[in-house]
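Structure file query-v1.cif with mmCIF, C-alpha atoms:
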```cif
data_my_file
loop_
_atom_site.label_atom_id
_atom_site.label_comp_id
_atom_site.auth_asym_id
_atom_site.auth_seq_id
_atom_site.Cartn_x
_atom_site.Cartn_y
_atom_site.Cartn_z
CA MET A 1 108.84 -70.11 9.97
CA ASP A 2 105.40 -68.59 9.41
CA TYR A 3 102.40 -70.26 11.06
CA HIS A 4 100.48 -69.58 7.86
CA ALA A 5 103.08 -71.20 5.61
CA ALA A 6 104.67 -74.01 7.58
CA PHE A 7 105.74 -75.87 4.43
CA ALA A 8 106.99 -72.92 2.40
CA GLY A 9 109.91 -73.90 0.20
CA MET A 10 108.87 -77.55 0.01
CA LYS A 11 107.99 -79.22 -3.28
CA VAL A 12 105.26 -81.83 -3.56
CA ILE A 13 104.60 -83.91 -6.67
CA ASP A 14 100.97 -85.03 -6.61
CA LEU A 15 99.91 -87.97 -8.79
CA THR A 16 96.72 -88.71 -6.86
CA GLY A 17 93.17 -88.52 -8.18
CA GLY A 18 89.68 -88.48 -6.75
CA VAL A 19 89.18 -87.05 -3.27
CA ALA A 20 91.35 -88.64 -0.55
CA GLY A 21 94.76 -88.04 -2.17
CA PRO A 22 94.02 -84.64 -3.72
CA SER A 23 92.49 -83.27 -0.51
CA CYS A 24 95.61 -84.35 1.39
CA ALA A 25 97.90 -82.63 -1.13
CA MET A 26 95.63 -79.57 -1.09
CA MET A 27 96.23 -79.18 2.64
CA LEU A 28 99.99 -79.22 2.01
CA ALA A 29 99.50 -76.47 -0.60
CA GLN A 30 97.41 -74.43 1.80
CA HIS A 31 100.24 -74.55 4.32
CA GLY A 32 102.74 -73.15 1.85
CA ALA A 33 104.11 -76.10 -0.13
CA ASP A 34 104.54 -75.84 -3.90
CA VAL A 35 102.24 -78.66 -4.97
CA ILE A 36 102.58 -79.66 -8.62
CA LYS A 37 99.58 -81.72 -9.66
CA VAL A 38 100.41 -84.16 -12.47
CA GLU A 39 97.32 -84.99 -14.54
CA THR A 40 96.57 -87.12 -17.58
CA PRO A 41 96.35 -84.83 -20.62
CA HIS A 42 94.03 -86.87 -22.85
CA ALA A 43 91.33 -87.99 -20.40
CA GLY A 44 90.20 -84.80 -18.75
CA GLY A 45 92.83 -84.83 -16.02
CA ASP A 46 92.07 -85.97 -12.49
CA TRP A 47 88.91 -88.08 -12.66
CA ALA A 48 87.43 -86.02 -9.81
CA ARG A 49 86.94 -83.30 -12.42
CA ILE A 50 84.19 -85.35 -14.11
CA LEU A 51 82.27 -86.48 -11.02
CA GLY A 52 78.76 -85.06 -11.06
CA ARG A 53 77.98 -81.78 -12.77
CA ARG A 54 80.86 -80.22 -14.71
CA TYR A 55 81.81 -76.56 -14.77
CA GLU A 56 84.21 -76.53 -17.73
CA HIS A 57 87.39 -77.95 -16.10
CA HIS A 58 85.86 -78.65 -12.70
CA SER A 59 83.28 -80.44 -10.61
CA ALA A 60 82.44 -79.74 -6.96
CA PHE A 61 84.92 -82.49 -6.08
CA SER A 62 87.88 -81.00 -7.93
CA LEU A 63 87.23 -77.40 -6.89
CA TYR A 64 88.17 -78.35 -3.34
CA GLY A 65 90.87 -80.88 -4.15
CA THR A 66 92.93 -78.61 -6.41
CA LEU A 67 92.92 -75.35 -4.43
CA GLY A 68 96.34 -73.75 -4.26
CA LYS A 69 98.06 -76.25 -6.57
CA ARG A 70 99.70 -75.91 -9.97
CA SER A 71 98.64 -78.32 -12.70
CA ILE A 72 100.74 -79.91 -15.42
CA ALA A 73 99.10 -82.26 -17.92
CA LEU A 74 101.63 -85.01 -18.60
CA ASP A 75 101.45 -88.34 -20.45
CA LEU A 76 103.40 -90.79 -18.31
CA LYS A 77 102.95 -93.56 -20.85
CA THR A 78 105.58 -91.91 -23.07
CA PRO A 79 109.35 -91.97 -22.49
CA GLU A 80 109.40 -88.18 -22.70
CA GLY A 81 106.66 -87.96 -20.08
CA LYS A 82 108.62 -90.18 -17.73
CA GLU A 83 111.70 -88.01 -18.21
CA VAL A 84 109.66 -84.92 -17.33
CA LEU A 85 108.47 -86.56 -14.12
CA TRP A 86 112.03 -87.42 -13.14
CA ARG A 87 112.94 -83.76 -13.58
CA LEU A 88 110.00 -82.73 -11.43
CA LEU A 89 111.10 -85.16 -8.73
CA LYS A 90 114.60 -83.71 -8.51
CA GLY A 91 114.77 -81.94 -5.16
CA ALA A 92 111.17 -82.82 -4.28
CA ASP A 93 110.24 -83.30 -0.63
CA VAL A 94 107.07 -85.34 -1.10
CA PHE A 95 105.84 -87.71 -3.81
CA MET A 96 102.20 -88.77 -3.72
CA GLU A 97 100.59 -91.43 -5.88
CA GLY A 98 97.12 -92.94 -5.93
CA LEU A 99 97.25 -95.30 -8.90
CA LYS A 100 96.02 -98.88 -8.85
CA PRO A 101 98.51 -100.93 -6.78
CA GLY A 102 101.39 -102.05 -8.98
CA THR A 103 100.83 -99.39 -11.66
CA ILE A 104 103.34 -96.83 -10.41
CA GLN A 105 105.99 -99.57 -10.26
CA ARG A 106 105.31 -100.48 -13.88
CA TYR A 107 105.83 -96.84 -14.81
CA GLY A 108 109.20 -97.04 -13.08
CA PHE A 109 108.39 -94.74 -10.15
CA GLY A 110 108.01 -97.15 -7.24
CA TYR A 111 109.48 -96.21 -3.87
CA ASP A 112 112.75 -98.05 -4.42
CA ALA A 113 113.35 -96.32 -7.76
CA VAL A 114 112.41 -92.84 -6.53
CA SER A 115 114.23 -93.05 -3.19
CA ALA A 116 117.37 -94.27 -4.97
CA LYS A 117 117.55 -90.89 -6.72
CA GLU A 118 115.94 -88.81 -3.96
CA PRO A 119 116.88 -90.44 -0.63
CA GLY A 120 115.11 -87.79 1.42
CA ILE A 121 111.73 -88.18 -0.31
CA ILE A 122 108.56 -88.71 1.72
CA TYR A 123 106.74 -91.17 -0.54
CA TYR A 124 102.98 -91.55 0.01
CA SER A 125 100.68 -94.17 -1.55
CA ILE A 126 96.89 -94.04 -1.21
CA SER A 127 94.61 -96.85 -2.42
CA GLY A 128 91.21 -98.40 -1.81
CA PHE A 129 92.02 -101.69 -0.10
CA GLY A 130 95.79 -101.42 0.40
CA GLN A 131 98.88 -102.34 -1.59
CA THR A 132 98.80 -106.05 -0.70
CA GLY A 133 96.21 -108.74 -0.01
CA PRO A 134 93.49 -110.45 -2.06
CA LEU A 135 91.51 -107.25 -2.68
CA ALA A 136 94.44 -104.94 -3.47
CA ALA A 137 93.68 -104.79 -7.19
CA ARG A 138 89.95 -104.18 -6.74
CA PRO A 139 88.81 -100.66 -7.69
CA ALA A 140 87.06 -98.80 -4.90
CA MET A 141 85.51 -95.48 -4.00
CA ASP A 142 84.09 -94.08 -0.80
CA PRO A 143 80.64 -95.78 -1.04
CA VAL A 144 82.26 -99.20 -1.51
CA LEU A 145 84.47 -98.75 1.55
CA GLN A 146 81.56 -97.44 3.61
CA ALA A 147 79.86 -100.75 2.88
CA PHE A 148 82.97 -102.87 3.37
CA THR A 149 84.00 -101.37 6.72
CA GLY A 150 80.55 -101.63 8.33
CA ILE A 151 79.47 -98.00 8.15
CA VAL A 152 76.59 -98.68 5.75
CA ASN A 153 75.27 -101.49 7.94
CA GLU A 154 75.42 -99.20 10.94
CA ASN A 155 73.47 -96.47 9.14
CA ARG A 156 70.08 -98.17 8.90
CA GLY A 157 67.04 -96.12 8.02
CA GLU A 158 64.67 -95.49 10.89
CA HIS A 159 61.60 -96.35 8.82
CA ASP A 160 62.89 -99.05 6.47
CA ASN A 161 65.70 -100.63 8.55
CA HIS A 162 67.66 -100.79 5.30
CA PRO A 163 71.42 -100.05 5.22
CA HIS A 164 72.27 -96.69 3.63
CA ARG A 165 75.58 -95.06 2.77
CA ILE A 166 76.24 -91.65 4.26
CA ALA A 167 75.85 -89.29 1.33
CA ILE A 168 79.13 -87.40 1.69
CA SER A 169 82.68 -88.47 0.83
CA LEU A 170 83.14 -89.41 4.45
CA ILE A 171 86.03 -91.88 4.29
CA ASP A 172 87.74 -89.95 1.50
CA MET A 173 87.84 -86.72 3.47
CA PHE A 174 88.92 -88.37 6.70
CA SER A 175 91.60 -90.35 4.89
CA GLY A 176 92.83 -87.11 3.34
CA MET A 177 93.33 -85.66 6.80
CA LEU A 178 95.04 -88.85 8.01
CA GLY A 179 97.42 -88.64 5.06
CA PHE A 180 98.13 -84.99 5.77
CA GLN A 181 99.03 -85.68 9.40
CA ALA A 182 101.27 -88.60 8.41
CA ILE A 183 103.14 -86.51 5.83
CA ALA A 184 103.27 -83.42 8.03
CA THR A 185 104.70 -85.28 11.02
CA SER A 186 107.23 -86.98 8.73
CA LEU A 187 108.38 -83.60 7.44
CA TYR A 188 108.62 -82.35 11.02
CA VAL A 189 110.92 -85.23 11.96
CA ARG A 190 112.96 -84.89 8.78
CA ARG A 191 113.73 -81.22 9.34
CA GLU A 192 115.90 -82.12 12.35
CA GLN A 193 118.04 -84.51 10.31
CA THR A 194 121.43 -83.40 9.00
CA GLU A 195 121.21 -85.99 6.24
CA LYS A 196 117.59 -86.07 5.12
CA LYS A 197 116.15 -89.57 5.27
CA GLY A 198 112.90 -90.31 3.49
CA ARG A 199 110.27 -92.88 4.24
CA TYR A 200 107.41 -94.76 2.65
CA ILE A 201 103.87 -94.15 3.94
CA GLU A 202 100.88 -96.20 2.89
CA LEU A 203 97.22 -95.49 3.57
CA SER A 204 94.09 -97.17 2.26
CA LEU A 205 90.50 -96.03 2.36
CA MET A 206 89.83 -99.29 4.21
CA HIS A 207 92.23 -98.16 6.93
CA GLY A 208 90.70 -94.69 6.95
CA GLY A 209 87.22 -96.17 7.34
CA ALA A 210 88.36 -98.28 10.29
CA MET A 211 89.94 -95.24 11.96
CA LEU A 212 86.85 -93.14 11.31
CA SER A 213 84.58 -95.81 12.83
CA VAL A 214 86.82 -96.88 15.70
CA ILE A 215 84.44 -96.07 18.58
CA ARG A 216 81.43 -97.77 17.01
CA LEU A 217 83.62 -100.57 15.64
CA VAL A 218 84.93 -101.38 19.12
CA ALA A 219 81.53 -101.01 20.77
CA GLN A 220 79.73 -103.20 18.25
CA TYR A 221 82.45 -105.85 18.43
CA LEU A 222 82.42 -106.02 22.22
CA GLU A 223 78.61 -105.97 22.35
CA ARG A 224 78.29 -108.35 19.37
CA GLY A 225 75.92 -106.00 17.60
CA ASN A 226 73.66 -105.46 20.62
CA ALA A 227 74.61 -101.86 21.31
CA THR A 228 73.29 -100.35 24.51
CA ARG A 229 70.21 -98.29 23.77
CA THR A 230 69.68 -94.83 25.06
CA SER A 231 67.13 -94.29 27.82
CA MET A 232 65.67 -91.08 26.45
CA PRO A 233 64.14 -89.96 23.16
CA ASN A 234 67.09 -89.14 20.88
CA GLY A 235 67.17 -88.61 17.14
CA VAL A 236 65.39 -86.62 14.46
CA PHE A 237 61.79 -85.63 15.15
CA ASP A 238 59.19 -84.06 12.90
CA THR A 239 57.99 -80.71 14.19
CA ALA A 240 55.03 -78.57 13.14
CA ASP A 241 57.13 -76.85 10.46
CA GLY A 242 60.26 -78.93 9.94
CA GLN A 243 62.55 -81.35 11.75
CA LEU A 244 64.75 -81.14 14.83
CA ASN A 245 67.55 -83.34 16.12
CA ILE A 246 67.45 -83.85 19.87
CA THR A 247 70.43 -85.40 21.65
CA MET A 248 70.47 -86.33 25.35
CA VAL A 249 73.25 -88.31 26.99
CA ARG A 250 72.92 -87.61 30.72
CA PRO A 251 70.12 -89.00 32.91
CA THR A 252 69.86 -85.50 34.38
CA ASP A 253 68.59 -84.29 30.98
CA TRP A 254 65.29 -86.06 31.51
CA PRO A 255 63.52 -83.67 33.95
CA PRO A 256 64.31 -80.49 31.95
CA PHE A 257 63.31 -82.26 28.73
CA CYS A 258 59.91 -83.15 30.18
CA GLU A 259 59.51 -79.53 31.23
CA ALA A 260 60.49 -78.28 27.76
CA VAL A 261 57.86 -80.44 26.03
CA ASP A 262 55.17 -79.64 28.65
CA ARG A 263 54.92 -83.21 29.88
CA PRO A 264 55.89 -83.11 33.59
CA ASP A 265 53.56 -86.08 34.16
CA LEU A 266 56.15 -88.37 32.56
CA LEU A 267 58.45 -87.83 35.54
CA THR A 268 56.16 -89.89 37.75
CA ASP A 269 54.97 -92.36 35.10
CA PRO A 270 56.40 -95.71 36.31
CA ARG A 271 57.27 -96.66 32.71
CA PHE A 272 59.63 -93.69 32.40
CA ALA A 273 60.41 -92.50 35.92
CA THR A 274 63.87 -94.09 36.11
CA HIS A 275 66.82 -94.44 33.76
CA GLU A 276 66.41 -98.22 33.70
CA ALA A 277 62.65 -98.05 33.12
CA ARG A 278 63.02 -95.68 30.19
CA GLY A 279 65.56 -98.02 28.60
CA LYS A 280 63.14 -100.93 28.84
CA ASN A 281 60.23 -98.91 27.48
CA LEU A 282 62.05 -96.75 24.95
CA ASP A 283 59.91 -97.77 21.95
CA GLU A 284 56.77 -96.85 23.87
CA LEU A 285 58.33 -93.57 24.96
CA MET A 286 59.33 -92.67 21.40
CA ALA A 287 55.84 -93.43 20.11
CA LEU A 288 54.37 -91.21 22.81
CA MET A 289 56.74 -88.30 22.20
CA ARG A 290 56.52 -88.06 18.42
CA PRO A 291 53.05 -86.49 18.25
CA VAL A 292 53.90 -84.20 21.17
CA ILE A 293 56.97 -82.84 19.37
CA LYS A 294 55.20 -82.70 16.00
CA ALA A 295 52.69 -80.26 17.47
CA MET A 296 55.43 -77.73 18.29
CA PRO A 297 57.14 -75.28 15.88
CA THR A 298 60.84 -75.93 15.42
CA ALA A 299 62.10 -72.58 16.71
CA TYR A 300 59.78 -72.65 19.72
CA LEU A 301 60.92 -76.11 20.80
CA ALA A 302 64.58 -75.40 20.04
CA ASP A 303 64.48 -72.31 22.25
CA ARG A 304 62.87 -74.20 25.12
CA LEU A 305 65.35 -77.07 24.90
CA THR A 306 68.35 -74.75 24.60
CA ALA A 307 67.24 -72.71 27.61
CA ARG A 308 67.31 -75.94 29.63
CA GLY A 309 70.67 -77.15 28.39
CA ILE A 310 69.31 -79.84 26.06
CA MET A 311 71.37 -80.28 22.88
CA ASN A 312 69.39 -79.81 19.68
CA GLY A 313 69.79 -78.71 16.09
CA ARG A 314 67.42 -77.89 13.29
CA VAL A 315 67.69 -80.23 10.30
CA ASN A 316 68.98 -77.96 7.55
CA THR A 317 69.70 -78.34 3.88
CA TYR A 318 73.23 -77.29 2.94
CA GLU A 319 71.86 -74.05 1.51
CA GLU A 320 69.98 -73.34 4.74
CA PHE A 321 73.16 -74.05 6.70
CA LEU A 322 75.09 -71.51 4.61
CA GLN A 323 72.44 -68.90 5.41
CA GLU A 324 72.55 -69.44 9.18
CA GLU A 325 73.49 -66.35 11.21
CA GLN A 326 75.93 -68.45 13.24
CA VAL A 327 77.88 -69.33 10.10
CA ALA A 328 78.27 -65.66 9.19
CA ALA A 329 79.13 -64.68 12.75
CA THR A 330 81.97 -67.20 13.02
CA GLY A 331 83.43 -66.46 9.58
CA ILE A 332 84.00 -70.11 8.74
CA MET A 333 83.05 -69.71 5.05
CA SER A 334 84.52 -67.77 2.15
CA TRP A 335 82.84 -67.22 -1.22
CA LEU A 336 85.25 -67.68 -4.12
CA ASP A 337 85.33 -66.92 -7.82
CA GLN A 338 86.52 -69.96 -9.81
CA PRO A 339 87.12 -70.44 -13.55
CA GLY A 340 84.11 -71.81 -15.38
CA VAL A 341 81.75 -71.60 -12.40
CA PRO A 342 78.84 -69.17 -12.97
CA GLU A 343 78.54 -68.03 -9.35
CA LYS A 344 80.67 -67.71 -6.24
CA VAL A 345 81.64 -71.00 -4.60
CA PRO A 346 81.19 -71.46 -0.83
CA MET A 347 84.40 -72.84 0.68
CA PRO A 348 85.09 -73.55 4.36
CA ASN A 349 88.15 -71.72 5.60
CA ILE A 350 90.97 -73.87 6.98
CA PRO A 351 91.49 -73.63 10.75
CA GLY A 352 94.72 -71.84 11.65
CA LEU A 353 95.05 -70.14 8.25
CA PRO A 354 93.78 -66.78 6.96
CA PRO A 355 90.39 -66.84 5.20
CA PHE A 356 90.43 -67.60 1.48
CA GLU A 357 90.45 -64.60 -0.85
CA SER A 358 89.43 -64.76 -4.50
CA GLY A 359 92.28 -64.03 -6.86
CA THR A 360 95.01 -65.45 -4.60
CA LYS A 361 96.95 -68.64 -5.32
CA ARG A 362 95.56 -70.36 -2.23
CA ALA A 363 92.01 -69.78 -3.38
CA HIS A 364 92.48 -70.75 -7.03
CA ALA A 365 91.54 -74.19 -8.42
CA PRO A 366 93.63 -74.62 -11.60
CA MET A 367 92.42 -75.92 -14.93
CA VAL A 368 93.97 -79.10 -16.35
CA GLY A 369 97.50 -78.26 -17.47
CA GLU A 370 97.14 -74.58 -16.55
CA HIS A 371 100.76 -74.41 -15.41
CA SER A 372 102.35 -76.87 -17.83
CA ARG A 373 104.60 -74.34 -19.57
CA GLU A 374 105.50 -72.56 -16.35
CA VAL A 375 106.46 -75.79 -14.54
CA LEU A 376 108.49 -77.10 -17.48
CA ALA A 377 110.43 -73.85 -17.79
CA GLU A 378 111.19 -73.89 -14.07
CA HIS A 379 112.65 -77.36 -14.44
CA GLY A 380 115.14 -76.49 -17.15
CA TYR A 381 113.23 -77.00 -20.40
CA SER A 382 113.93 -74.49 -23.14
CA ALA A 383 111.17 -72.86 -25.17
CA ALA A 384 112.02 -75.15 -28.11
CA GLU A 385 111.94 -78.26 -25.92
CA ILE A 386 108.61 -77.23 -24.45
CA ALA A 387 107.18 -76.65 -27.93
CA GLY A 388 108.40 -80.12 -28.93
CA LEU A 389 106.67 -81.74 -25.95
CA PHE A 390 103.43 -80.02 -26.89
CA ASP A 391 103.80 -81.07 -30.54
CA LYS A 392 104.22 -84.70 -29.47
CA LYS A 393 101.24 -84.35 -27.11
CA VAL A 394 103.39 -85.40 -24.17
CA VAL A 395 102.10 -82.36 -22.32
CA ALA A 396 98.99 -80.26 -22.72
CA GLU A 397 97.39 -77.06 -21.47
CA PRO A 398 93.85 -75.63 -21.38
#
```

Show me, as structure tokens, the structure contained in the file I just sent.
Amino acid sequence: MDYHAAFAGMKVIDLTGGVAGPSCAMMLAQHGADVIKVETPHAGGDWARILGRRYEHHSAFSLYGTLGKRSIALDLKTPEGKEVLWRLLKGADVFMEGLKPGTIQRYGFGYDAVSAKEPGIIYYSISGFGQTGPLAARPAMDPVLQAFTGIVNENRGEHDNHPHRIAISLIDMFSGMLGFQAIATSLYVRREQTEKKGRYIELSLMHGGAMLSVIRLVAQYLERGNATRTSMPNGVFDTADGQLNITMVRPTDWPPFCEAVDRPDLLTDPRFATHEARGKNLDELMALMRPVIKAMPTAYLADRLTARGIMNGRVNTYEEFLQEEQVAATGIMSWLDQPGVPEKVPMPNIPGLPPFESGTKRAHAPMVGEHSREVLAEHGYSAAEIAGLFDKKVVAEP
């Protein structure tokens, strides 16, 4: 077994859409699995492809979520489409679905039906609120679950005290990784079995949000919303030419911080001289420090803090982050050519795997139905049968 292709030889049928499910399946593809992405032929495919700005067949969301997969555009509302899916499922190791709870059962591909024909299948369902309960049928995306699980309430603006969502697909991405670990560990267990036994795995974005927030969730519950405040100035500060995040967690950070900002007098100020005193007078301390920090250039202050072991980071845009020397030095990013995108796409490399390379399967995000003919032929359809499926619009290609 190759460390770079742990799931080589395994077949995954991916009926998920959006971010959480596709990113999970993408990780399986990156580790060597043959992931066949089943997309709707008459509605643009996976709905992640139409989120935000479109680049022909892709958006920023789908470029990541489809890397390394093969795409077949298949109409599951037709009898012929259902028959195709059954052929795809023959010998499959993993089946993934992210439809509205109850929908996959109505199509005839619930766990009981699939496992009856493929007993060894690892069957994975991803949804917003879960498969059961009063909210199961409610549609949901990452921002909704950020609000529902308490993350939005926790993320109150410093100046307006208004709840704000975190502007990345936070729960989606974390849930994708949770799904990947659940499927990967299941495949690890299954490989030791003489007679392969499958299992059903369920994950919701609600569950992912709770897991993501567990430390704050527990702390806020135990403290009933009165979280213990820090005793030193932490957070984002305006500087003379930008903004800097400063993070201090140890009481021993206080003396070197005062030295870094040229305010040694604060060490003997009775309002701030002790850990307890600073906690009681934190608002006053923050008000005092803001103009001091604003008078200093970002790089100057960052250097002084770093030299004294104080954690800090310049507030970057994403583009500024990509241009950082540290990013280049560590090789965490690759720049990929993708169909329909007018310039190279920055893509974080996956830990433990070789860097992405343009032109390879791992680094290619397929168009909707790009592999329809290829996949059908592999699963026993003749050229005439394939032509008939295209004529009936059961399948499609770019």

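Selection check: the PyMOL selection byres ((chain A and resi 294-303) around 6) on the shown file gives Asp238, Thr239, Ala240, Asp241, Pro291, Val292, Ile293, Arg304, Leu305 and Thr306 of chain A.
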
Per-axis box centre and lengths in Å around stretch 102-112 of chain A, 6 Å margin per side, axis-aligned, as AutoDock Vina command-line options:
```
--center_x 106.8 --center_y -98.4 --center_z -9.3 --size_x 23.9 --size_y 19.3 --size_z 22.9
```

Kindly resolve the PyMOL selection byres ((chain A and resi 26) around 7) on the present coordinates and return the residues as an mmCIF file with C-alpha atoms, in the frame of the given file.
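Result file result36.cif:
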```cif
data_model
loop_
_atom_site.group_PDB
_atom_site.id
_atom_site.type_symbol
_atom_site.label_atom_id
_atom_site.label_comp_id
_atom_site.auth_asym_id
_atom_site.auth_seq_id
_atom_site.Cartn_x
_atom_site.Cartn_y
_atom_site.Cartn_z
ATOM 1 C CA PRO A 22 94.020 -84.640 -3.720
ATOM 2 C CA SER A 23 92.490 -83.270 -0.510
ATOM 3 C CA CYS A 24 95.610 -84.350 1.390
ATOM 4 C CA ALA A 25 97.900 -82.630 -1.130
ATOM 5 C CA MET A 27 96.230 -79.180 2.640
ATOM 6 C CA LEU A 28 99.990 -79.220 2.010
ATOM 7 C CA ALA A 29 99.500 -76.470 -0.600
ATOM 8 C CA GLN A 30 97.410 -74.430 1.800
ATOM 9 C CA GLY A 65 90.870 -80.880 -4.150
ATOM 10 C CA THR A 66 92.930 -78.610 -6.410
ATOM 11 C CA LEU A 67 92.920 -75.350 -4.430
ATOM 12 C CA GLY A 68 96.340 -73.750 -4.260
ATOM 13 C CA LYS A 69 98.060 -76.250 -6.570
#
```

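If you apply the PyMOL selection byres ((chain A and resi 58) around 10) to this structure, you end up with Gly44, Gly45, Asp46, Trp47, Ala48, Arg49, Ile50, Leu51, Gly52, Arg53, Arg54, Tyr55, Glu56, His57, Ser59, Ala60, Phe61, Ser62, Leu63, Tyr64, Thr66, Gln338, Pro339, Gly340, Val341, Ala365, Pro366, Met367 and Val368 of chain A.
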
In Å, rounded to a single decimal, give me how far atom CA of A:Met173 is from atom CA of A:Phe148.
-> 16.9 Å

May I have the protein, DNA and RNA residues with an atom at most 12 Å from (110.3, -79.6, -16.7), counting all atoms listed in the file in the file's coordinates, returned as a PyMOL selection string?
-> chain A and resi 36+38+72-74+80-90+371-383+385-386+389+394-395

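Counting from atom CA of A:Glu357, the distance to atom CA of A:Trp335 is 8.1 Å.
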
May I have the residues at most 12 Å from (58.9, -95.3, 30.8) in the file's coordinates, counting all atoms listed in the file, as an mmCIF file with C-alpha atoms, in the coordinates of the input?
```cif
data_model
loop_
_atom_site.group_PDB
_atom_site.id
_atom_site.type_symbol
_atom_site.label_atom_id
_atom_site.label_comp_id
_atom_site.auth_asym_id
_atom_site.auth_seq_id
_atom_site.Cartn_x
_atom_site.Cartn_y
_atom_site.Cartn_z
ATOM 1 C CA SER A 231 67.130 -94.290 27.820
ATOM 2 C CA MET A 232 65.670 -91.080 26.450
ATOM 3 C CA PRO A 233 64.140 -89.960 23.160
ATOM 4 C CA TRP A 254 65.290 -86.060 31.510
ATOM 5 C CA ASP A 265 53.560 -86.080 34.160
ATOM 6 C CA LEU A 266 56.150 -88.370 32.560
ATOM 7 C CA LEU A 267 58.450 -87.830 35.540
ATOM 8 C CA THR A 268 56.160 -89.890 37.750
ATOM 9 C CA ASP A 269 54.970 -92.360 35.100
ATOM 10 C CA PRO A 270 56.400 -95.710 36.310
ATOM 11 C CA ARG A 271 57.270 -96.660 32.710
ATOM 12 C CA PHE A 272 59.630 -93.690 32.400
ATOM 13 C CA ALA A 273 60.410 -92.500 35.920
ATOM 14 C CA THR A 274 63.870 -94.090 36.110
ATOM 15 C CA HIS A 275 66.820 -94.440 33.760
ATOM 16 C CA GLU A 276 66.410 -98.220 33.700
ATOM 17 C CA ALA A 277 62.650 -98.050 33.120
ATOM 18 C CA ARG A 278 63.020 -95.680 30.190
ATOM 19 C CA GLY A 279 65.560 -98.020 28.600
ATOM 20 C CA LYS A 280 63.140 -100.930 28.840
ATOM 21 C CA ASN A 281 60.230 -98.910 27.480
ATOM 22 C CA LEU A 282 62.050 -96.750 24.950
ATOM 23 C CA ASP A 283 59.910 -97.770 21.950
ATOM 24 C CA GLU A 284 56.770 -96.850 23.870
ATOM 25 C CA LEU A 285 58.330 -93.570 24.960
ATOM 26 C CA MET A 286 59.330 -92.670 21.400
ATOM 27 C CA ALA A 287 55.840 -93.430 20.110
ATOM 28 C CA LEU A 288 54.370 -91.210 22.810
ATOM 29 C CA MET A 289 56.740 -88.300 22.200
#
```

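Among the candidates A:Gly98, A:Gly352, A:Gly128, A:Pro79, the residue lying nearest to A:Thr16 is A:Gly98 (atoms considered: only C-alpha atoms).
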
Identify which of the residues A:Thr330, A:His31, A:Arg138, A:Tyr188 lies closest to A:Lys361, counting all atoms listed in the file when measuring atom-to-atom distances.
-> A:His31

Where atoms are lacking, stretch 375-387 of chain A completed to N, CA and C atoms, as a PDB file, keeping the file's coordinate frame:
```
ATOM      1  N   VAL A 375     105.754 -74.756 -15.296  1.00  0.00           N
ATOM      2  CA  VAL A 375     106.460 -75.790 -14.540  1.00  0.00           C
ATOM      3  C   VAL A 375     107.628 -76.349 -15.353  1.00  0.00           C
ATOM      4  N   LEU A 376     107.410 -76.584 -16.637  1.00  0.00           N
ATOM      5  CA  LEU A 376     108.490 -77.100 -17.480  1.00  0.00           C
ATOM      6  C   LEU A 376     109.659 -76.127 -17.550  1.00  0.00           C
ATOM      7  N   ALA A 377     109.366 -74.854 -17.710  1.00  0.00           N
ATOM      8  CA  ALA A 377     110.430 -73.850 -17.790  1.00  0.00           C
ATOM      9  C   ALA A 377     111.218 -73.791 -16.487  1.00  0.00           C
ATOM     10  N   GLU A 378     110.519 -73.909 -15.367  1.00  0.00           N
ATOM     11  CA  GLU A 378     111.190 -73.890 -14.070  1.00  0.00           C
ATOM     12  C   GLU A 378     112.142 -75.068 -13.893  1.00  0.00           C
ATOM     13  N   HIS A 379     111.843 -76.153 -14.597  1.00  0.00           N
ATOM     14  CA  HIS A 379     112.650 -77.360 -14.440  1.00  0.00           C
ATOM     15  C   HIS A 379     113.632 -77.559 -15.603  1.00  0.00           C
ATOM     16  N   GLY A 380     114.025 -76.463 -16.223  1.00  0.00           N
ATOM     17  CA  GLY A 380     115.140 -76.490 -17.150  1.00  0.00           C
ATOM     18  C   GLY A 380     114.835 -76.732 -18.604  1.00  0.00           C
ATOM     19  N   TYR A 381     113.571 -76.782 -18.987  1.00  0.00           N
ATOM     20  CA  TYR A 381     113.230 -77.000 -20.400  1.00  0.00           C
ATOM     21  C   TYR A 381     113.270 -75.671 -21.148  1.00  0.00           C
ATOM     22  N   SER A 382     113.881 -75.684 -22.306  1.00  0.00           N
ATOM     23  CA  SER A 382     113.930 -74.490 -23.140  1.00  0.00           C
ATOM     24  C   SER A 382     112.601 -74.302 -23.855  1.00  0.00           C
ATOM     25  N   ALA A 383     112.402 -73.133 -24.430  1.00  0.00           N
ATOM     26  CA  ALA A 383     111.170 -72.860 -25.170  1.00  0.00           C
ATOM     27  C   ALA A 383     110.990 -73.864 -26.309  1.00  0.00           C
ATOM     28  N   ALA A 384     112.100 -74.195 -26.996  1.00  0.00           N
ATOM     29  CA  ALA A 384     112.020 -75.150 -28.110  1.00  0.00           C
ATOM     30  C   ALA A 384     111.665 -76.542 -27.602  1.00  0.00           C
ATOM     31  N   GLU A 385     112.250 -76.938 -26.490  1.00  0.00           N
ATOM     32  CA  GLU A 385     111.940 -78.260 -25.920  1.00  0.00           C
ATOM     33  C   GLU A 385     110.487 -78.337 -25.472  1.00  0.00           C
ATOM     34  N   ILE A 386     110.004 -77.265 -24.886  1.00  0.00           N
ATOM     35  CA  ILE A 386     108.610 -77.230 -24.450  1.00  0.00           C
ATOM     36  C   ILE A 386     107.679 -77.331 -25.654  1.00  0.00           C
ATOM     37  N   ALA A 387     108.001 -76.592 -26.715  1.00  0.00           N
ATOM     38  CA  ALA A 387     107.180 -76.650 -27.930  1.00  0.00           C
ATOM     39  C   ALA A 387     107.177 -78.072 -28.490  1.00  0.00           C
TER      40      ALA A 387
END
```
